[in-house]
Amino acid sequence: MLQGAREAAGVPAAVLVAGYTGFGALAAGHGLPLPAVVASTVAVWALPAQLILVEMHTVGAPLLATVLAAMLSSARFLPMTLTLMPMMRHSRHRGWQYLVAAQLLSLTGWAMAMARFPDIAPARRLPWFFGFTLVCIAASAAATVIGYAVADAITPLIKIGLVFLAPAYYLLILLGSVRERATAYALACGAVAGPIAFVYAPQWSVLIAGLAGGTLAYLLLPIRLR
Amino acid sequence: MNTLEFLVLACALATYVWRGLGAAISGRVRAEGPLFTWLGCVAYAMLAGLVARIVVMPLGTLEATTLWQRLGAAAVALAAYFLLTRKNLFVGVIAGGLAIIGLHLL
């Protein structure tokens, strides 16, 4: 567990801190209360869903639309848990521990675990994962508070830089994750659909852009790739 | 409990649906097939749509910047990430933040 914690306290935590500082500043800029913003980091623990939550709440989107958008934006957790959980299974662990591990999972933790697990004994993987992800969550929660707190104290200019960190983080993660044609098509279709949908239906735009852009991207794929 | 707090809780549960489902059925189901491809497309399109919208039509703090400043800063972040470093996310993100400050000062 300590091994995992040590490995998290470096570049992985630094990247998360940059993203979550921006998220904290962004939420402060929208005038949302700090406890709910930090609670979203700890409880939702999925920055895209949190970004959706904050942006949609600000435009006064219907509750159902926001929850549905947050849910669809988190669909990536299904293939992630499906691939990661079997690697962490060991007779020493109890069933509920996997359900806790699933809550702690994030893109960072998944990518690091998939890369490191071949070198870690199967019985030690789950403790390693707990150590790694708990440090990630703690660092992110602290960064959310710091981003929120300094957003009001700093000059408007610095605040602009801070708030821009969150979209920059996603811009790079999304474009950096393109390995398949489906991903590239989906990003392109979504990027066009997002602003267009926002003009016509701001409160439903995230959901509409995802369903319309995603389905269009899917239909554009050659049959063998579907 | 006010609306925002309820929303945070609801979003946490909505996110956990996939996490819990994945943990429960892992080992029996493989992450393949048309449904997974489509779900992946929708998830990526939704995020791309949101990020594009924040860059093109932001709310709050970023409204003080112009479209060209945001696009320029995005280009700097992409260049730092893909060209200057080998996909160093931290450098890319920080470069984006510094770039929008620099462009706003011009």
# chains A, B, ... in the order shown; residues from 1 in each chain; ligands from 1

call {"tool": "closest_atom_pairs", "arguments": {"of": "segment 6-104 of chain B", "to": "segment 190-210 of chain A", "cutoff": "7 Å", "atoms": "only C-alpha atoms", "output": "CSV"}}
result
residue,atom,partner,partner_atom,distance
B:Val42,CA,A:Gly210,CA,4.8
B:Ala43,CA,A:Gly210,CA,6.4
B:Ala45,CA,A:Gly190,CA,3.8
B:Met46,CA,A:Gly210,CA,3.6
B:Ala48,CA,A:Ala191,CA,4.8
B:Gly49,CA,A:Gly194,CA,3.6
B:Leu50,CA,A:Gly194,CA,5.9
B:Ala52,CA,A:Ala191,CA,5.2
B:Arg53,CA,A:Pro195,CA,4.7

call {"tool": "write_last_selection", "arguments": {"atoms": "N, CA, C and O atoms", "output": "short mmCIF file (atom, residue, chain, number, x, y, z; two decimals), in the first residue's frame"}}
result
data_model
loop_
_atom_site.label_atom_id
_atom_site.label_comp_id
_atom_site.auth_asym_id
_atom_site.auth_seq_id
_atom_site.Cartn_x
_atom_site.Cartn_y
_atom_site.Cartn_z
N VAL B 42 -20.18 7.97 -27.48
CA VAL B 42 -21.03 8.97 -26.81
C VAL B 42 -20.25 9.67 -25.69
O VAL B 42 -20.29 10.91 -25.57
N ALA B 43 -19.50 8.89 -24.91
CA ALA B 43 -18.75 9.48 -23.80
C ALA B 43 -17.69 10.46 -24.30
O ALA B 43 -17.56 11.58 -23.79
N ALA B 45 -17.64 11.98 -27.29
CA ALA B 45 -18.28 13.11 -27.97
C ALA B 45 -18.82 14.12 -26.96
O ALA B 45 -18.73 15.34 -27.16
N MET B 46 -19.34 13.62 -25.85
CA MET B 46 -19.91 14.51 -24.85
C MET B 46 -18.83 15.37 -24.23
O MET B 46 -18.99 16.59 -24.06
N ALA B 48 -15.80 16.03 -25.55
CA ALA B 48 -15.25 16.92 -26.58
C ALA B 48 -16.19 18.10 -26.79
O ALA B 48 -15.75 19.24 -26.95
N GLY B 49 -17.50 17.82 -26.76
CA GLY B 49 -18.48 18.88 -26.93
C GLY B 49 -18.41 19.90 -25.81
O GLY B 49 -18.47 21.11 -26.05
N LEU B 50 -18.25 19.41 -24.59
CA LEU B 50 -18.18 20.32 -23.43
C LEU B 50 -16.91 21.16 -23.47
O LEU B 50 -16.96 22.38 -23.27
N ALA B 52 -15.04 21.86 -26.09
CA ALA B 52 -15.13 22.79 -27.23
C ALA B 52 -16.03 23.98 -26.87
O ALA B 52 -15.72 25.12 -27.20
N ARG B 53 -17.13 23.70 -26.19
CA ARG B 53 -18.05 24.77 -25.81
C ARG B 53 -17.39 25.73 -24.80
O ARG B 53 -17.54 26.95 -24.91
#

call {"tool": "closest_residue", "arguments": {"among": "B:Glu32, B:Leu103, B:Thr37, B:Thr61", "to": "Phe23 of chain A", "atoms": "only C-alpha atoms"}}
result
B:Thr61

call {"tool": "residues_around", "arguments": {"residues": "Glu63 of chain B", "least_positions_apart": "5", "cutoff": "12 Å", "atoms": "only C-alpha atoms", "output": "ChimeraX atom specification"}}
result
/A:26,29-30,156,159-160,163-164 /B:54-58,69-70,104

call {"tool": "write_last_selection", "arguments": {"atoms": "all heavy atoms", "output": "tab-separated table (two decimals), in the first residue's frame"}}
result
chain	number	residue	atom	x	y	z
A	26	LEU	N	-12.57	27.30	-11.29
A	26	LEU	CA	-13.71	27.40	-12.21
A	26	LEU	C	-15.02	27.43	-11.42
A	26	LEU	O	-15.90	28.27	-11.67
A	26	LEU	CB	-13.70	26.19	-13.15
A	26	LEU	CG	-14.73	26.14	-14.27
A	26	LEU	CD1	-14.17	26.85	-15.49
A	26	LEU	CD2	-15.09	24.72	-14.63
A	29	GLY	N	-15.48	30.62	-9.71
A	29	GLY	CA	-15.88	31.63	-10.69
A	29	GLY	C	-17.37	31.57	-11.01
A	29	GLY	O	-17.98	32.56	-11.39
A	30	HIS	N	-17.96	30.38	-10.86
A	30	HIS	CA	-19.39	30.21	-11.10
A	30	HIS	C	-20.21	30.52	-9.85
A	30	HIS	O	-21.43	30.41	-9.86
A	30	HIS	CB	-19.70	28.78	-11.56
A	30	HIS	CG	-19.24	28.50	-12.96
A	30	HIS	ND1	-18.85	29.49	-13.84
A	30	HIS	CD2	-19.10	27.35	-13.64
A	30	HIS	CE1	-18.49	28.94	-14.99
A	30	HIS	NE2	-18.63	27.64	-14.89
A	156	PRO	N	-7.40	39.09	-11.36
A	156	PRO	CA	-8.24	38.49	-12.41
A	156	PRO	C	-7.41	37.80	-13.49
A	156	PRO	O	-7.81	36.77	-14.03
A	156	PRO	CB	-8.98	39.70	-12.99
A	156	PRO	CG	-9.00	40.70	-11.88
A	156	PRO	CD	-7.74	40.50	-11.12
A	159	LYS	N	-6.25	34.44	-12.34
A	159	LYS	CA	-7.44	33.59	-12.24
A	159	LYS	C	-7.81	33.02	-13.61
A	159	LYS	O	-8.20	31.86	-13.72
A	159	LYS	CB	-8.60	34.41	-11.67
A	159	LYS	CG	-9.79	33.57	-11.31
A	159	LYS	CD	-10.85	34.41	-10.63
A	159	LYS	CE	-12.12	33.62	-10.44
A	159	LYS	NZ	-13.20	34.45	-9.89
A	160	ILE	N	-7.66	33.83	-14.63
A	160	ILE	CA	-7.95	33.35	-15.98
A	160	ILE	C	-7.05	32.16	-16.31
A	160	ILE	O	-7.50	31.14	-16.82
A	160	ILE	CB	-7.75	34.50	-17.00
A	160	ILE	CG1	-8.92	35.48	-16.90
A	160	ILE	CG2	-7.61	33.96	-18.42
A	160	ILE	CD1	-8.73	36.75	-17.70
A	163	VAL	N	-8.24	29.08	-14.24
A	163	VAL	CA	-9.50	28.50	-14.71
A	163	VAL	C	-9.29	27.77	-16.03
A	163	VAL	O	-9.95	26.77	-16.31
A	163	VAL	CB	-10.57	29.60	-14.85
A	163	VAL	CG1	-11.81	29.06	-15.54
A	163	VAL	CG2	-10.94	30.13	-13.47
A	164	PHE	N	-8.34	28.25	-16.83
A	164	PHE	CA	-8.10	27.62	-18.13
A	164	PHE	C	-7.42	26.25	-17.98
A	164	PHE	O	-7.43	25.44	-18.92
A	164	PHE	CB	-7.23	28.54	-19.01
A	164	PHE	CG	-7.22	28.15	-20.46
A	164	PHE	CD1	-8.36	28.33	-21.24
A	164	PHE	CD2	-6.09	27.61	-21.04
A	164	PHE	CE1	-8.36	27.95	-22.57
A	164	PHE	CE2	-6.08	27.23	-22.38
A	164	PHE	CZ	-7.22	27.42	-23.15
B	54	ILE	N	-16.62	25.17	-23.85
B	54	ILE	CA	-15.95	26.04	-22.87
B	54	ILE	C	-14.92	26.94	-23.58
B	54	ILE	O	-14.77	28.10	-23.23
B	54	ILE	CB	-15.27	25.19	-21.77
B	54	ILE	CG1	-16.33	24.52	-20.91
B	54	ILE	CG2	-14.36	26.06	-20.89
B	54	ILE	CD1	-15.77	23.60	-19.83
B	55	VAL	N	-14.26	26.39	-24.59
B	55	VAL	CA	-13.27	27.20	-25.32
B	55	VAL	C	-13.96	28.23	-26.21
B	55	VAL	O	-13.57	29.39	-26.27
B	55	VAL	CB	-12.34	26.29	-26.17
B	55	VAL	CG1	-11.46	27.13	-27.09
B	55	VAL	CG2	-11.48	25.43	-25.26
B	56	VAL	N	-15.03	27.83	-26.90
B	56	VAL	CA	-15.69	28.73	-27.85
B	56	VAL	C	-16.63	29.70	-27.14
B	56	VAL	O	-16.64	30.90	-27.46
B	56	VAL	CB	-16.47	27.90	-28.91
B	56	VAL	CG1	-17.17	28.84	-29.90
B	56	VAL	CG2	-15.51	26.99	-29.66
B	57	MET	N	-17.44	29.19	-26.21
B	57	MET	CA	-18.43	30.03	-25.51
B	57	MET	C	-18.36	29.78	-24.01
B	57	MET	O	-19.22	29.10	-23.44
B	57	MET	CB	-19.84	29.71	-26.02
B	57	MET	CG	-20.10	30.12	-27.44
B	57	MET	SD	-21.72	29.50	-27.97
B	57	MET	CE	-21.26	27.99	-28.80
B	58	PRO	N	-17.34	30.31	-23.32
B	58	PRO	CA	-17.19	30.01	-21.89
B	58	PRO	C	-18.19	30.76	-21.03
B	58	PRO	O	-18.81	31.73	-21.47
B	58	PRO	CB	-15.77	30.49	-21.59
B	58	PRO	CG	-15.53	31.58	-22.57
B	58	PRO	CD	-16.33	31.24	-23.81
B	69	GLN	N	-7.78	34.43	-28.07
B	69	GLN	CA	-6.87	34.17	-26.94
B	69	GLN	C	-7.02	32.74	-26.46
B	69	GLN	O	-6.04	32.05	-26.18
B	69	GLN	CB	-7.15	35.15	-25.80
B	69	GLN	CG	-6.69	36.57	-26.12
B	69	GLN	CD	-7.27	37.59	-25.16
B	69	GLN	OE1	-8.14	37.29	-24.34
B	69	GLN	NE2	-6.79	38.82	-25.27
B	70	ARG	N	-8.28	32.27	-26.38
B	70	ARG	CA	-8.51	30.90	-25.90
B	70	ARG	C	-8.02	29.88	-26.91
B	70	ARG	O	-7.41	28.87	-26.54
B	70	ARG	CB	-10.00	30.70	-25.59
B	70	ARG	CG	-10.51	31.57	-24.44
B	70	ARG	CD	-11.92	31.19	-24.04
B	70	ARG	NE	-12.91	31.42	-25.09
B	70	ARG	CZ	-13.55	32.56	-25.28
B	70	ARG	NH1	-13.29	33.61	-24.52
B	70	ARG	NH2	-14.44	32.69	-26.24
B	104	HIS	N	-3.59	37.26	-23.04
B	104	HIS	CA	-4.52	38.26	-22.53
B	104	HIS	C	-3.80	39.58	-22.23
B	104	HIS	O	-4.39	40.65	-22.30
B	104	HIS	CB	-5.18	37.73	-21.25
B	104	HIS	CG	-6.40	38.49	-20.84
B	104	HIS	ND1	-7.51	38.60	-21.66
B	104	HIS	CD2	-6.69	39.19	-19.72
B	104	HIS	CE1	-8.41	39.34	-21.05
B	104	HIS	NE2	-7.95	39.71	-19.87

call {"tool": "closest_residue", "arguments": {"among": "A:Ala27, A:Cys189, A:Met114, A:Ala102", "to": "Ile52 of chain A", "atoms": "only C-alpha atoms"}}
result
A:Ala27

call {"tool": "closest_atom_pairs", "arguments": {"of": "segment 109-166 of chain A", "to": "segment 91-95 of chain B", "cutoff": "9 Å", "atoms": "only C-alpha atoms", "output": "tab-separated table"}}
result
residue	atom	partner	partner_atom	distance
A:Gly161	CA	B:Ile94	CA	8.7
A:Leu162	CA	B:Ile94	CA	9.0
A:Phe164	CA	B:Val93	CA	8.7
A:Leu165	CA	B:Val93	CA	5.9
A:Ala166	CA	B:Val93	CA	8.2

call {"tool": "write_last_selection", "arguments": {"atoms": "all heavy atoms", "output": "PDB file, in the first residue's frame"}}
result
ATOM      1  N   GLY A 161      -5.750  32.292 -15.969  1.00  0.00           N
ATOM      2  CA  GLY A 161      -4.805  31.203 -16.213  1.00  0.00           C
ATOM      3  C   GLY A 161      -5.189  29.947 -15.464  1.00  0.00           C
ATOM      4  O   GLY A 161      -5.146  28.834 -15.986  1.00  0.00           O
ATOM      5  N   LEU A 162      -5.617  30.133 -14.203  1.00  0.00           N
ATOM      6  CA  LEU A 162      -5.986  29.005 -13.346  1.00  0.00           C
ATOM      7  C   LEU A 162      -7.235  28.290 -13.875  1.00  0.00           C
ATOM      8  O   LEU A 162      -7.292  27.066 -13.945  1.00  0.00           O
ATOM      9  CB  LEU A 162      -6.250  29.559 -11.941  1.00  0.00           C
ATOM     10  CG  LEU A 162      -5.884  28.697 -10.749  1.00  0.00           C
ATOM     11  CD1 LEU A 162      -4.459  28.198 -10.864  1.00  0.00           C
ATOM     12  CD2 LEU A 162      -6.064  29.499  -9.467  1.00  0.00           C
ATOM     13  N   PHE A 164      -8.336  28.248 -16.834  1.00  0.00           N
ATOM     14  CA  PHE A 164      -8.097  27.619 -18.130  1.00  0.00           C
ATOM     15  C   PHE A 164      -7.424  26.246 -17.983  1.00  0.00           C
ATOM     16  O   PHE A 164      -7.429  25.443 -18.922  1.00  0.00           O
ATOM     17  CB  PHE A 164      -7.232  28.543 -19.005  1.00  0.00           C
ATOM     18  CG  PHE A 164      -7.224  28.154 -20.457  1.00  0.00           C
ATOM     19  CD1 PHE A 164      -8.357  28.326 -21.238  1.00  0.00           C
ATOM     20  CD2 PHE A 164      -6.085  27.610 -21.041  1.00  0.00           C
ATOM     21  CE1 PHE A 164      -8.359  27.952 -22.573  1.00  0.00           C
ATOM     22  CE2 PHE A 164      -6.083  27.232 -22.378  1.00  0.00           C
ATOM     23  CZ  PHE A 164      -7.221  27.417 -23.145  1.00  0.00           C
ATOM     24  N   LEU A 165      -6.865  25.944 -16.797  1.00  0.00           N
ATOM     25  CA  LEU A 165      -6.182  24.661 -16.596  1.00  0.00           C
ATOM     26  C   LEU A 165      -7.120  23.470 -16.803  1.00  0.00           C
ATOM     27  O   LEU A 165      -6.713  22.454 -17.368  1.00  0.00           O
ATOM     28  CB  LEU A 165      -5.574  24.583 -15.189  1.00  0.00           C
ATOM     29  CG  LEU A 165      -4.439  25.561 -14.850  1.00  0.00           C
ATOM     30  CD1 LEU A 165      -3.971  25.326 -13.418  1.00  0.00           C
ATOM     31  CD2 LEU A 165      -3.270  25.396 -15.809  1.00  0.00           C
ATOM     32  N   ALA A 166      -8.373  23.615 -16.337  1.00  0.00           N
ATOM     33  CA  ALA A 166      -9.285  22.468 -16.426  1.00  0.00           C
ATOM     34  C   ALA A 166      -9.616  22.103 -17.883  1.00  0.00           C
ATOM     35  O   ALA A 166      -9.454  20.946 -18.272  1.00  0.00           O
ATOM     36  CB  ALA A 166     -10.545  22.726 -15.612  1.00  0.00           C
TER      37      ALA A 166
END

call {"tool": "residues_around", "arguments": {"residues": "Leu89 of chain B", "least_positions_apart": "5", "cutoff": "8 Å", "atoms": "only C-alpha atoms", "output": "list in words"}}
result
Val15, Tyr169, Leu172 and Ile173 of chain A; Tyr81 of chain B

call {"tool": "residues_around", "arguments": {"residues": "segment 143-150 of chain A", "least_positions_apart": "5", "cutoff": "10 Å", "atoms": "only C-alpha atoms", "output": "ChimeraX atom specification"}}
result
/A:13-14,16-29,31-35,37-42,137-138,155,158-159,162-163

call {"tool": "write_last_selection", "arguments": {"atoms": "C-alpha atoms", "output": "compact mmCIF listing (two decimals), in the first residue's frame"}}
result
# COMPACT_ATOMS: atom_id res chain seq x y z
CA ALA A 13 -0.47 13.73 -8.28
CA ALA A 14 1.06 16.84 -9.89
CA LEU A 16 -4.22 15.89 -10.94
CA VAL A 17 -3.36 18.92 -8.81
CA ALA A 18 -3.11 21.08 -11.94
CA GLY A 19 -6.48 19.83 -13.20
CA TYR A 20 -8.29 20.08 -9.87
CA THR A 21 -6.84 23.50 -8.98
CA GLY A 22 -8.38 24.67 -12.23
CA PHE A 23 -11.65 22.94 -11.40
CA GLY A 24 -11.74 24.60 -7.95
CA ALA A 25 -11.10 28.02 -9.49
CA LEU A 26 -13.71 27.40 -12.21
CA ALA A 27 -16.35 26.45 -9.62
CA ALA A 28 -15.49 29.52 -7.55
CA GLY A 29 -15.88 31.63 -10.69
CA GLY A 31 -20.19 31.20 -7.52
CA LEU A 32 -20.79 27.68 -6.15
CA PRO A 33 -20.29 26.91 -2.42
CA LEU A 34 -16.97 25.26 -1.45
CA PRO A 35 -18.32 22.27 0.56
CA VAL A 37 -17.45 21.54 -4.77
CA VAL A 38 -14.99 19.57 -2.61
CA ALA A 39 -17.63 16.92 -1.94
CA SER A 40 -17.90 16.44 -5.70
CA THR A 41 -14.17 15.67 -5.92
CA VAL A 42 -14.32 13.10 -3.12
CA ILE A 137 -7.92 11.66 -4.16
CA ALA A 138 -6.36 13.45 -1.18
CA THR A 155 -5.67 39.05 -9.64
CA ILE A 158 -3.91 34.88 -12.77
CA LYS A 159 -7.44 33.59 -12.24
CA LEU A 162 -5.99 29.00 -13.35
CA VAL A 163 -9.50 28.50 -14.71

call {"tool": "closest_residue", "arguments": {"among": "B:Gly97, B:Leu106, B:Phe6, B:Gly72", "to": "chain A", "atoms": "only C-alpha atoms"}}
result
B:Gly97

call {"tool": "closest_residue", "arguments": {"among": "A:Val44, A:Ile120, A:Ala184, A:Met80", "to": "chain B", "atoms": "only C-alpha atoms"}}
result
A:Val44

call {"tool": "residues_around", "arguments": {"residues": "segment 11-14 of chain B", "least_positions_apart": "3", "cutoff": "10 Å", "atoms": "only C-alpha atoms", "output": "PyMOL selection string"}}
result
(chain A and resi 39-46+49-50+52-53+63-64+66-75+103) or (chain B and resi 5-8+17-20)

call {"tool": "atom_distance", "arguments": {"atom1": "atom CA of Ala8 of chain A", "atom2": "atom CA of Phe132 of chain A"}}
result
5.1 Å

call {"tool": "atom_distance", "arguments": {"atom1": "atom CA of Cys136 of chain A", "atom2": "atom CA of Phe117 of chain A"}}
result
17.6 Å

call {"tool": "decode", "arguments": {"residues": "segment 7-18 of chain B", "atoms": "all heavy atoms", "output": "PDB file, in the first residue's frame"}}
result
ATOM      1  N   LEU B   7     -27.571  17.173  -6.060  1.00  0.00           N
ATOM      2  CA  LEU B   7     -27.025  16.917  -7.392  1.00  0.00           C
ATOM      3  C   LEU B   7     -25.669  16.219  -7.316  1.00  0.00           C
ATOM      4  O   LEU B   7     -25.386  15.287  -8.081  1.00  0.00           O
ATOM      5  CB  LEU B   7     -26.895  18.253  -8.133  1.00  0.00           C
ATOM      6  CG  LEU B   7     -26.682  18.195  -9.637  1.00  0.00           C
ATOM      7  CD1 LEU B   7     -27.829  17.477 -10.325  1.00  0.00           C
ATOM      8  CD2 LEU B   7     -26.542  19.602 -10.186  1.00  0.00           C
ATOM      9  N   VAL B   8     -24.825  16.662  -6.369  1.00  0.00           N
ATOM     10  CA  VAL B   8     -23.513  16.039  -6.190  1.00  0.00           C
ATOM     11  C   VAL B   8     -23.690  14.565  -5.836  1.00  0.00           C
ATOM     12  O   VAL B   8     -23.040  13.687  -6.416  1.00  0.00           O
ATOM     13  CB  VAL B   8     -22.701  16.765  -5.086  1.00  0.00           C
ATOM     14  CG1 VAL B   8     -21.463  15.962  -4.706  1.00  0.00           C
ATOM     15  CG2 VAL B   8     -22.305  18.165  -5.547  1.00  0.00           C
ATOM     16  N   LEU B   9     -24.608  14.300  -4.915  1.00  0.00           N
ATOM     17  CA  LEU B   9     -24.859  12.927  -4.494  1.00  0.00           C
ATOM     18  C   LEU B   9     -25.397  12.086  -5.664  1.00  0.00           C
ATOM     19  O   LEU B   9     -24.952  10.961  -5.900  1.00  0.00           O
ATOM     20  CB  LEU B   9     -25.865  12.932  -3.337  1.00  0.00           C
ATOM     21  CG  LEU B   9     -26.000  11.641  -2.552  1.00  0.00           C
ATOM     22  CD1 LEU B   9     -24.710  11.354  -1.795  1.00  0.00           C
ATOM     23  CD2 LEU B   9     -27.173  11.719  -1.585  1.00  0.00           C
ATOM     24  N   ALA B  10     -26.334  12.667  -6.410  1.00  0.00           N
ATOM     25  CA  ALA B  10     -26.931  11.945  -7.537  1.00  0.00           C
ATOM     26  C   ALA B  10     -25.886  11.655  -8.614  1.00  0.00           C
ATOM     27  O   ALA B  10     -25.861  10.562  -9.185  1.00  0.00           O
ATOM     28  CB  ALA B  10     -28.087  12.762  -8.117  1.00  0.00           C
ATOM     29  N   CYS B  11     -25.007  12.620  -8.860  1.00  0.00           N
ATOM     30  CA  CYS B  11     -23.958  12.412  -9.860  1.00  0.00           C
ATOM     31  C   CYS B  11     -22.954  11.353  -9.395  1.00  0.00           C
ATOM     32  O   CYS B  11     -22.436  10.578 -10.202  1.00  0.00           O
ATOM     33  CB  CYS B  11     -23.236  13.722 -10.175  1.00  0.00           C
ATOM     34  SG  CYS B  11     -24.225  14.842 -11.183  1.00  0.00           S
ATOM     35  N   ALA B  12     -22.677  11.335  -8.076  1.00  0.00           N
ATOM     36  CA  ALA B  12     -21.776  10.316  -7.538  1.00  0.00           C
ATOM     37  C   ALA B  12     -22.369   8.929  -7.757  1.00  0.00           C
ATOM     38  O   ALA B  12     -21.681   8.004  -8.193  1.00  0.00           O
ATOM     39  CB  ALA B  12     -21.520  10.568  -6.056  1.00  0.00           C
ATOM     40  N   LEU B  13     -23.669   8.792  -7.481  1.00  0.00           N
ATOM     41  CA  LEU B  13     -24.335   7.498  -7.683  1.00  0.00           C
ATOM     42  C   LEU B  13     -24.379   7.143  -9.168  1.00  0.00           C
ATOM     43  O   LEU B  13     -24.162   5.994  -9.546  1.00  0.00           O
ATOM     44  CB  LEU B  13     -25.752   7.545  -7.096  1.00  0.00           C
ATOM     45  CG  LEU B  13     -25.811   7.606  -5.568  1.00  0.00           C
ATOM     46  CD1 LEU B  13     -27.249   7.770  -5.089  1.00  0.00           C
ATOM     47  CD2 LEU B  13     -25.191   6.353  -4.957  1.00  0.00           C
ATOM     48  N   ALA B  14     -24.645   8.151 -10.014  1.00  0.00           N
ATOM     49  CA  ALA B  14     -24.707   7.907 -11.452  1.00  0.00           C
ATOM     50  C   ALA B  14     -23.364   7.418 -11.978  1.00  0.00           C
ATOM     51  O   ALA B  14     -23.290   6.546 -12.843  1.00  0.00           O
ATOM     52  CB  ALA B  14     -25.118   9.188 -12.182  1.00  0.00           C
ATOM     53  N   THR B  15     -22.280   7.968 -11.412  1.00  0.00           N
ATOM     54  CA  THR B  15     -20.942   7.533 -11.812  1.00  0.00           C
ATOM     55  C   THR B  15     -20.666   6.125 -11.307  1.00  0.00           C
ATOM     56  O   THR B  15     -20.039   5.322 -11.987  1.00  0.00           O
ATOM     57  CB  THR B  15     -19.891   8.502 -11.237  1.00  0.00           C
ATOM     58  OG1 THR B  15     -20.328   9.828 -11.461  1.00  0.00           O
ATOM     59  CG2 THR B  15     -18.544   8.307 -11.886  1.00  0.00           C
ATOM     60  N   TYR B  16     -21.173   5.841 -10.088  1.00  0.00           N
ATOM     61  CA  TYR B  16     -20.888   4.547  -9.485  1.00  0.00           C
ATOM     62  C   TYR B  16     -21.614   3.390 -10.183  1.00  0.00           C
ATOM     63  O   TYR B  16     -21.185   2.244 -10.087  1.00  0.00           O
ATOM     64  CB  TYR B  16     -21.217   4.542  -7.988  1.00  0.00           C
ATOM     65  CG  TYR B  16     -20.618   3.330  -7.301  1.00  0.00           C
ATOM     66  CD1 TYR B  16     -19.265   3.301  -7.005  1.00  0.00           C
ATOM     67  CD2 TYR B  16     -21.386   2.208  -7.028  1.00  0.00           C
ATOM     68  CE1 TYR B  16     -18.682   2.187  -6.438  1.00  0.00           C
ATOM     69  CE2 TYR B  16     -20.817   1.083  -6.458  1.00  0.00           C
ATOM     70  CZ  TYR B  16     -19.464   1.078  -6.161  1.00  0.00           C
ATOM     71  OH  TYR B  16     -18.889  -0.041  -5.613  1.00  0.00           O
ATOM     72  N   VAL B  17     -22.690   3.721 -10.909  1.00  0.00           N
ATOM     73  CA  VAL B  17     -23.420   2.675 -11.645  1.00  0.00           C
ATOM     74  C   VAL B  17     -22.450   1.854 -12.496  1.00  0.00           C
ATOM     75  O   VAL B  17     -22.437   0.625 -12.451  1.00  0.00           O
ATOM     76  CB  VAL B  17     -24.510   3.299 -12.530  1.00  0.00           C
ATOM     77  CG1 VAL B  17     -25.046   2.286 -13.522  1.00  0.00           C
ATOM     78  CG2 VAL B  17     -25.642   3.834 -11.661  1.00  0.00           C
ATOM     79  N   TRP B  18     -21.582   2.555 -13.240  1.00  0.00           N
ATOM     80  CA  TRP B  18     -20.640   1.861 -14.137  1.00  0.00           C
ATOM     81  C   TRP B  18     -19.533   1.172 -13.354  1.00  0.00           C
ATOM     82  O   TRP B  18     -19.126   0.065 -13.681  1.00  0.00           O
ATOM     83  CB  TRP B  18     -20.014   2.847 -15.105  1.00  0.00           C
ATOM     84  CG  TRP B  18     -21.012   3.611 -15.884  1.00  0.00           C
ATOM     85  CD1 TRP B  18     -21.350   4.928 -15.722  1.00  0.00           C
ATOM     86  CD2 TRP B  18     -21.818   3.138 -16.975  1.00  0.00           C
ATOM     87  NE1 TRP B  18     -22.303   5.287 -16.627  1.00  0.00           N
ATOM     88  CE2 TRP B  18     -22.612   4.221 -17.410  1.00  0.00           C
ATOM     89  CE3 TRP B  18     -21.939   1.904 -17.612  1.00  0.00           C
ATOM     90  CZ2 TRP B  18     -23.512   4.116 -18.455  1.00  0.00           C
ATOM     91  CZ3 TRP B  18     -22.846   1.793 -18.654  1.00  0.00           C
ATOM     92  CH2 TRP B  18     -23.610   2.883 -19.059  1.00  0.00           C
TER      93      TRP B  18
END
